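Coordinates as given in target.cif (mmCIF, C-alpha atoms):
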data_model
loop_
_atom_site.label_atom_id
_atom_site.label_comp_id
_atom_site.auth_asym_id
_atom_site.auth_seq_id
_atom_site.Cartn_x
_atom_site.Cartn_y
_atom_site.Cartn_z
CA MET V 1 29.86 -32.05 -7.09
CA SER V 2 32.62 -32.24 -9.69
CA GLU V 3 33.14 -29.33 -12.05
CA CYS V 4 31.61 -29.81 -15.50
CA SER V 5 34.23 -30.69 -18.13
CA HIS V 6 31.67 -30.58 -20.99
CA ASN V 7 32.67 -34.18 -21.76
CA CYS V 8 29.41 -36.10 -21.58
CA GLU V 9 31.10 -39.49 -22.01
CA SER V 10 33.03 -39.19 -18.73
CA CYS V 11 30.33 -37.30 -16.81
CA THR V 12 28.43 -39.16 -14.09
CA ALA V 13 25.67 -36.55 -13.77
CA ASN V 14 22.30 -37.26 -15.35
CA CYS V 15 21.81 -34.04 -17.31
CA SER V 16 19.41 -35.40 -19.92
CA SER V 17 16.46 -35.22 -17.55
CA LYS V 18 17.00 -31.60 -16.65
CA GLU V 19 14.74 -28.99 -18.19
CA PRO V 20 16.50 -26.04 -19.87
CA GLU V 21 16.58 -22.99 -17.64
CA SER V 22 13.83 -20.48 -18.38
CA PHE V 23 14.61 -16.76 -18.33
CA LEU V 24 10.94 -15.71 -18.62
CA LYS V 25 9.91 -12.92 -16.27
CA ALA V 26 6.48 -12.69 -14.72
CA PRO V 27 4.53 -9.51 -15.47
CA HIS V 28 3.38 -7.23 -12.66
CA ASP V 29 0.98 -8.96 -10.26
CA LEU V 30 -1.77 -6.50 -11.26
CA SER V 31 -1.23 -6.88 -15.01
CA LYS V 32 -3.69 -8.85 -17.15
CA ILE V 33 -2.11 -9.48 -20.55
CA LYS V 34 -3.60 -12.11 -22.82
CA LYS V 35 -1.37 -12.08 -25.92
CA VAL V 36 1.98 -10.50 -26.80
CA ILE V 37 3.06 -9.74 -30.38
CA GLY V 38 6.51 -8.45 -31.27
CA VAL V 39 7.02 -6.23 -34.31
CA VAL V 40 10.53 -6.69 -35.66
CA SER V 41 12.74 -5.85 -38.63
CA GLY V 42 16.13 -7.01 -39.78
CA LYS V 43 17.39 -3.43 -40.15
CA GLY V 44 16.36 0.13 -39.38
CA GLY V 45 14.51 2.53 -41.64
CA VAL V 46 11.86 0.17 -42.99
CA GLY V 47 8.96 1.55 -40.92
CA LYS V 48 8.75 -0.98 -38.10
CA SER V 49 7.37 1.55 -35.61
CA LEU V 50 4.81 2.72 -38.17
CA VAL V 51 3.62 -0.84 -38.69
CA CYS V 52 3.51 -1.40 -34.92
CA GLY V 53 1.38 1.71 -34.57
CA LEU V 54 -0.99 0.70 -37.37
CA LEU V 55 -1.35 -2.84 -36.00
CA SER V 56 -2.24 -1.38 -32.60
CA VAL V 57 -4.76 1.01 -34.13
CA LEU V 58 -6.41 -1.82 -36.06
CA SER V 59 -6.48 -4.01 -32.94
CA GLN V 60 -8.09 -1.27 -30.83
CA LYS V 61 -10.62 -0.44 -33.55
CA SER V 62 -11.47 -4.15 -33.80
CA GLY V 63 -12.64 -4.09 -30.19
CA TYR V 64 -9.54 -5.45 -28.49
CA LYS V 65 -7.96 -3.66 -25.53
CA THR V 66 -4.51 -2.84 -26.83
CA GLY V 67 -1.16 -1.81 -25.39
CA ILE V 68 2.23 -0.88 -26.85
CA LEU V 69 5.49 -1.59 -25.05
CA ASP V 70 8.05 0.60 -26.80
CA ALA V 71 11.26 -1.45 -26.64
CA ASP V 72 13.06 0.81 -29.12
CA ILE V 73 14.72 2.61 -26.22
CA THR V 74 17.22 4.71 -28.20
CA GLY V 75 14.80 5.67 -30.98
CA PRO V 76 11.30 5.79 -29.48
CA SER V 77 8.72 7.19 -31.91
CA ILE V 78 5.48 5.61 -30.68
CA PRO V 79 4.49 8.48 -28.30
CA LYS V 80 4.88 11.03 -31.11
CA MET V 81 2.70 8.98 -33.48
CA PHE V 82 -0.09 8.69 -30.92
CA GLY V 83 0.13 12.27 -29.66
CA VAL V 84 1.02 11.07 -26.16
CA SER V 85 3.28 13.31 -24.09
CA GLU V 86 2.11 13.23 -20.47
CA ARG V 87 4.25 11.48 -17.89
CA PRO V 88 3.03 8.08 -16.63
CA LYS V 89 1.27 8.06 -13.28
CA CYS V 90 2.47 5.83 -10.48
CA ASN V 91 1.59 4.73 -6.98
CA ALA V 92 3.06 2.39 -4.40
CA ALA V 93 2.12 -0.61 -6.54
CA GLY V 94 3.85 0.45 -9.73
CA LEU V 95 3.80 2.53 -12.90
CA PHE V 96 0.83 2.93 -15.24
CA PRO V 97 0.99 3.30 -19.03
CA VAL V 98 -0.43 6.43 -20.67
CA ALA V 99 -3.64 6.09 -22.67
CA SER V 100 -3.87 7.59 -26.15
CA LYS V 101 -6.95 9.43 -27.43
CA GLY V 102 -8.23 6.17 -28.88
CA GLY V 103 -7.59 4.18 -25.71
CA VAL V 104 -4.30 2.45 -26.61
CA SER V 105 -2.07 2.03 -23.53
CA VAL V 106 1.50 3.22 -24.22
CA MET V 107 4.72 2.88 -22.25
CA SER V 108 7.88 4.39 -23.70
CA LEU V 109 11.10 5.77 -22.30
CA ASN V 110 10.36 9.07 -24.04
CA LEU V 111 7.47 9.53 -21.60
CA LEU V 112 9.93 9.38 -18.71
CA LEU V 113 12.61 11.74 -20.05
CA GLU V 114 12.83 15.39 -18.99
CA ASN V 115 12.96 16.41 -22.65
CA GLN V 116 11.79 14.28 -25.58
CA THR V 117 14.95 15.09 -27.54
CA ASP V 118 17.35 13.98 -24.78
CA PRO V 119 19.55 11.17 -26.17
CA VAL V 120 19.67 7.81 -24.43
CA VAL V 121 23.38 6.94 -24.33
CA TRP V 122 23.21 3.58 -22.61
CA ARG V 123 24.95 0.26 -23.08
CA GLY V 124 23.06 -2.86 -24.13
CA PRO V 125 22.54 -4.47 -20.69
CA VAL V 126 21.00 -1.26 -19.30
CA ILE V 127 18.69 -0.95 -22.29
CA GLY V 128 17.68 -4.60 -21.96
CA GLY V 129 17.00 -4.12 -18.26
CA THR V 130 14.74 -1.15 -18.97
CA VAL V 131 12.70 -3.16 -21.47
CA THR V 132 12.30 -5.94 -18.92
CA GLN V 133 11.13 -3.40 -16.31
CA PHE V 134 8.46 -2.15 -18.72
CA TRP V 135 7.12 -5.70 -18.52
CA THR V 136 7.62 -6.45 -14.82
CA ASP V 137 7.09 -3.05 -13.16
CA VAL V 138 4.36 -1.47 -15.28
CA ILE V 139 0.74 -2.27 -14.45
CA TRP V 140 -0.90 -3.26 -17.75
CA GLU V 141 -4.57 -3.49 -16.83
CA ASP V 142 -6.76 -5.79 -18.92
CA ILE V 143 -4.82 -5.96 -22.20
CA ASP V 144 -5.99 -8.30 -24.98
CA PHE V 145 -3.04 -7.62 -27.27
CA MET V 146 0.28 -6.07 -26.34
CA PHE V 147 2.43 -5.04 -29.29
CA ILE V 148 6.16 -4.66 -28.64
CA ASP V 149 7.97 -2.20 -30.89
CA MET V 150 11.40 -3.79 -31.08
CA PRO V 151 14.63 -2.08 -32.08
CA PRO V 152 15.96 -3.20 -35.47
CA GLY V 153 18.30 -6.12 -35.90
CA THR V 154 18.94 -9.32 -33.95
CA GLY V 155 21.02 -7.99 -31.04
CA ASP V 156 20.72 -7.56 -27.29
CA VAL V 157 17.22 -6.15 -26.94
CA PRO V 158 15.37 -8.55 -29.29
CA LEU V 159 17.16 -11.41 -27.55
CA THR V 160 16.17 -10.00 -24.14
CA VAL V 161 12.54 -9.71 -25.23
CA PHE V 162 12.40 -13.22 -26.66
CA GLN V 163 13.96 -14.70 -23.52
CA SER V 164 12.24 -12.57 -20.87
CA ILE V 165 8.73 -12.02 -22.22
CA PRO V 166 6.33 -14.79 -23.33
CA VAL V 167 5.92 -13.62 -26.92
CA ASP V 168 3.05 -15.38 -28.71
CA GLY V 169 4.25 -14.40 -32.17
CA ILE V 170 6.03 -11.77 -34.22
CA VAL V 171 5.28 -9.70 -37.29
CA VAL V 172 8.29 -9.02 -39.51
CA VAL V 173 8.48 -5.73 -41.40
CA THR V 174 10.33 -5.32 -44.68
CA SER V 175 10.56 -3.02 -47.70
CA PRO V 176 10.83 -3.95 -51.39
CA GLN V 177 14.62 -3.72 -51.82
CA GLU V 178 16.31 -7.07 -52.35
CA LEU V 179 19.05 -6.14 -49.84
CA VAL V 180 16.45 -5.53 -47.13
CA SER V 181 14.71 -8.79 -48.02
CA MET V 182 17.94 -10.69 -47.40
CA ILE V 183 18.29 -9.07 -43.96
CA VAL V 184 14.65 -9.79 -43.13
CA GLU V 185 15.40 -13.48 -43.47
CA LYS V 186 17.85 -13.07 -40.59
CA ALA V 187 14.98 -11.87 -38.37
CA VAL V 188 12.79 -14.77 -39.50
CA ASN V 189 15.60 -17.24 -38.86
CA MET V 190 16.24 -15.75 -35.42
CA ALA V 191 12.57 -16.22 -34.51
CA GLU V 192 12.75 -19.82 -35.68
CA MET V 193 15.89 -20.38 -33.57
CA MET V 194 14.11 -18.94 -30.52
CA LYS V 195 10.99 -21.00 -31.31
CA ILE V 196 8.84 -17.86 -31.64
CA PRO V 197 6.02 -18.20 -34.21
CA VAL V 198 6.18 -15.76 -37.13
CA LEU V 199 2.61 -14.56 -37.73
CA GLY V 200 3.35 -12.96 -41.07
CA LEU V 201 5.18 -10.33 -43.09
CA VAL V 202 4.31 -6.70 -43.77
CA GLU V 203 5.90 -4.74 -46.59
CA ASN V 204 6.19 -1.00 -46.04
CA MET V 205 6.92 1.64 -48.71
CA SER V 206 5.58 -0.88 -51.21
CA TYR V 207 4.53 1.67 -53.82
CA VAL V 208 3.31 5.20 -54.51
CA SER V 209 -0.11 5.77 -56.06
CA CYS V 210 -0.17 8.38 -58.82
CA PRO V 211 -2.63 11.10 -57.70
CA ASP V 212 -3.97 11.44 -61.26
CA CYS V 213 -4.26 7.90 -62.67
CA GLN V 214 -3.87 5.85 -59.42
CA LYS V 215 -1.20 3.73 -61.07
CA GLN V 216 1.11 2.08 -58.56
CA ILE V 217 4.68 3.32 -58.96
CA LYS V 218 7.26 0.98 -57.42
CA VAL V 219 9.86 3.47 -56.25
CA PHE V 220 12.15 0.84 -54.74
CA GLY V 221 11.69 -1.76 -57.44
CA ASP V 222 9.75 -4.98 -57.55
CA SER V 223 8.66 -6.57 -54.32
CA HIS V 224 10.41 -9.68 -52.98
CA ILE V 225 8.09 -10.29 -50.05
CA GLU V 226 6.17 -13.08 -51.76
CA GLU V 227 9.42 -15.00 -52.31
CA ILE V 228 10.37 -14.79 -48.64
CA ALA V 229 6.84 -15.69 -47.54
CA LYS V 230 6.77 -18.75 -49.80
CA LYS V 231 10.24 -19.87 -48.71
CA HIS V 232 9.24 -19.83 -45.02
CA ASN V 233 5.57 -20.75 -45.55
CA LEU V 234 4.36 -17.45 -44.08
CA PRO V 235 1.37 -15.25 -44.90
CA VAL V 236 1.75 -11.72 -46.27
CA ILE V 237 -0.33 -9.58 -43.92
CA GLY V 238 -0.27 -6.51 -46.12
CA LYS V 239 1.58 -3.97 -48.22
CA ILE V 240 1.64 -0.34 -47.07
CA PRO V 241 2.14 2.40 -49.68
CA MET V 242 4.13 5.59 -49.31
CA GLU V 243 1.11 7.70 -48.41
CA PRO V 244 1.51 11.45 -47.66
CA ALA V 245 -1.68 11.51 -45.56
CA LEU V 246 -0.33 8.70 -43.39
CA ALA V 247 3.00 10.46 -42.87
CA ALA V 248 1.21 13.70 -42.00
CA ALA V 249 -1.04 11.95 -39.47
CA CYS V 250 1.98 10.42 -37.72
CA ASP V 251 3.78 13.77 -37.64
CA ARG V 252 0.87 15.48 -35.92
CA GLY V 253 0.32 12.59 -33.49
CA ASP V 254 -2.93 11.44 -35.04
CA ILE V 255 -2.18 7.94 -36.34
CA GLU V 256 -5.47 6.76 -34.83
CA ALA V 257 -7.35 8.83 -37.41
CA ILE V 258 -6.00 6.51 -40.12
CA ASP V 259 -7.96 3.46 -41.24
CA PRO V 260 -5.20 0.83 -41.64
CA VAL V 261 -6.90 -1.02 -44.50
CA TRP V 262 -3.55 -2.15 -45.94
CA ILE V 263 -2.96 -4.60 -43.07
CA SER V 264 -6.49 -5.93 -42.64
CA GLY V 265 -5.02 -9.40 -43.11
CA ILE V 266 -4.03 -9.36 -39.42
CA LYS V 267 -7.68 -9.49 -38.29
CA ASP V 268 -8.10 -13.23 -38.77
CA ILE V 269 -4.75 -13.87 -37.09
CA LEU V 270 -5.82 -11.85 -34.04
CA LYS V 271 -9.08 -13.78 -33.84
CA GLU V 272 -7.24 -17.08 -33.91
CA LEU V 273 -4.74 -15.96 -31.28
CA ILE V 274 -7.31 -14.64 -28.84
CA ALA V 275 -9.39 -17.81 -29.20
CA LYS V 276 -6.50 -20.02 -28.04
#
Before anything else, please render the file you have as structure tokens.
Amino acid sequence: MSECSHNCESCTANCSSKEPESFLKAPHDLSKIKKVIGVVSGKGGVGKSLVCGLLSVLSQKSGYKTGILDADITGPSIPKMFGVSERPKCNAAGLFPVASKGGVSVMSLNLLLENQTDPVVWRGPVIGGTVTQFWTDVIWEDIDFMFIDMPPGTGDVPLTVFQSIPVDGIVVVTSPQELVSMIVEKAVNMAEMMKIPVLGLVENMSYVSCPDCQKQIKVFGDSHIEEIAKKHNLPVIGKIPMEPALAAACDRGDIEAIDPVWISGIKDILKELIAK
């Protein structure tokens, strides 16, 4: 066979009939995962992991068996939010996620480290390989919805997840600042390039409620989420306030005690997904 010169006019090979190569990895033989939802953000610091945690809590409380694959390898915060610290059990077949108090299955690198504060100083390919192993080597038993807490941005790991794992849709997290809104569009555009459906947008740190008059104070200025949603024809799933009780619950590992009413808009989307 002649070497490809990338000149289609002089090439005798019939490439048009070839299907593009798929990089999708099969989950563990014993895993039963119905739907996979990625939670992404264009930049760090907007509360992506918080939103991932709240979405998982709402899913579990809605009667769905829920799991979280923590793909934020260098900044894993999911175990802390859910009060999960025990090491995952394993046998000859594979590794098992750790169940939270509320029954959410969690797999995170922090559960495998000797100390939770040990830094993960790894290069991109190693991090991407670890995320893939959380999909292929972990036994996710009977999961209706798996939420993937992605690292921020549009780099190696999000690309690895989109190419290796059959993601059914993503939720994009933003905050009110116009600068962040611009970066969020990068995440939306990346999903469109990868042909991953965007299920909707969630705005975190949307406002602070005055404890006396309940007036909403927009600390970071007016919201721009409606503009982005309209531009890309996407729904706004919810707006989460800066709530001291929510922050305190996450700090003590009790996020499941919170009723995530701010993102109740995801319920209909979950129903539609699971019905397909």
Checklist entry - In terms of the shortest atom-to-atom distance over all atoms listed in the file, which of V:Lys48, V:Lys230, V:Lys65, V:Lys239 is closest to V:Gln216? => result V:Lys239
Next on the checklist: Neighbouring residues of V:Leu111 were defined as those with any atom within 7 Å, considering only C-alpha atoms; residues of the same chain fewer than 2 positions away were excluded. Please report them as a list in words.
Outcome noted: Ser85, Glu86, Arg87, Pro88, Ser108, Leu109 and Leu113 of chain V
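Note that the spacing between atom CA of V:Leu273 and atom CA of V:Gly153 amounts to 25.5 Å.
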Could you write out as JSON the box around stretch 263-275 of chain V (axis-aligned, all atoms listed in the file, 6 Å on each side), with centre and edge lengths in Å to one decimal?
{"center_x": -6.2, "center_y": -11.2, "center_z": -36.0, "size_x": 18.4, "size_y": 25.2, "size_z": 26.3}
Item to check | Atomic distance atom CA of V:Pro151 - atom CA of V:Lys276, expressed in Å with one decimal | outcome: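 Atom CA of V:Lys276 lies at a distance of 28.0 Å from atom CA of V:Pro151.
Pairwise distance (atom CA of V:Gly169, atom CA of V:Leu199) equals 5.8 Å.
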Checklist entry - So what does the PyMOL selection byres ((chain V and resi 274) around 12) actually pick up in this one, as a list in words? => result Ile33, Lys34, Lys35, Val36, Ile37, Ser59, Gly63, Tyr64, Lys65, Ile143, Asp144, Phe145, Met146, Asp168, Lys267, Asp268, Ile269, Leu270, Lys271, Glu272, Leu273, Ala275 and Lys276 of chain V
Item to check | Ground truth for the PyMOL selection byres ((chain V and resi 171) around 9), written as a VMD selection string | outcome: chain V and resid 37 to 41 52 169 to 170 172 to 173 198 to 202 237
Since I can't run it myself right now, could you work out what the PyMOL selection byres ((chain V and resi 68) around 9) selects here and report it as an mmCIF file with C-alpha atoms, keeping the file's coordinate frame?
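Written file, selection.cif:
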data_model
loop_
_atom_site.group_PDB
_atom_site.id
_atom_site.type_symbol
_atom_site.label_atom_id
_atom_site.label_comp_id
_atom_site.auth_asym_id
_atom_site.auth_seq_id
_atom_site.Cartn_x
_atom_site.Cartn_y
_atom_site.Cartn_z
ATOM 1 C CA CYS V 52 3.510 -1.400 -34.920
ATOM 2 C CA GLY V 53 1.380 1.710 -34.570
ATOM 3 C CA SER V 56 -2.240 -1.380 -32.600
ATOM 4 C CA THR V 66 -4.510 -2.840 -26.830
ATOM 5 C CA GLY V 67 -1.160 -1.810 -25.390
ATOM 6 C CA LEU V 69 5.490 -1.590 -25.050
ATOM 7 C CA ASP V 70 8.050 0.600 -26.800
ATOM 8 C CA ILE V 78 5.480 5.610 -30.680
ATOM 9 C CA PRO V 97 0.990 3.300 -19.030
ATOM 10 C CA VAL V 104 -4.300 2.450 -26.610
ATOM 11 C CA SER V 105 -2.070 2.030 -23.530
ATOM 12 C CA VAL V 106 1.500 3.220 -24.220
ATOM 13 C CA MET V 107 4.720 2.880 -22.250
ATOM 14 C CA SER V 108 7.880 4.390 -23.700
ATOM 15 C CA PHE V 145 -3.040 -7.620 -27.270
ATOM 16 C CA MET V 146 0.280 -6.070 -26.340
ATOM 17 C CA PHE V 147 2.430 -5.040 -29.290
ATOM 18 C CA ILE V 148 6.160 -4.660 -28.640
ATOM 19 C CA ASP V 149 7.970 -2.200 -30.890
#
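If all atoms listed in the file are the atoms counted, then among V:Gln214, V:Ser22, V:Asn189, V:Ser175 the closest residue to V:Val51 is V:Ser175.
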Checklist entry - Which residue, V:Met150, V:Cys250, V:Ile139, V:Ala93, has the smallest gap to V:Gly75 when you use only C-alpha atoms? => result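 Of all the options, V:Met150 lies closest to V:Gly75.
Residues in contact with V:Thr74 at up to 8 Å, not including ones fewer than 3 positions away on its chain and judged by only C-alpha atoms, are V:Pro119, V:Val120, V:Val121.
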Those same residues - C-alpha atoms - I'd like them written as a PDB file, in the frame of the given file.
ATOM      1  CA  PRO V 119      19.550  11.170 -26.170  1.00  0.00           C
ATOM      2  CA  VAL V 120      19.670   7.810 -24.430  1.00  0.00           C
ATOM      3  CA  VAL V 121      23.380   6.940 -24.330  1.00  0.00           C
TER       4      VAL V 121
END
Next on the checklist: Under the rule that all atoms listed in the file are counted, which of V:Glu256, V:Asp251, V:Glu185, V:Glu192 is the nearest residue to V:Lys231?
Outcome noted: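 Closest to V:Lys231 of all the choices is V:Glu185.
If you measure from each of V:Leu112, V:Val98, V:Leu58, V:Met193 to V:Trp140 using all atoms listed in the file, the closest one turns out to be V:Val98.
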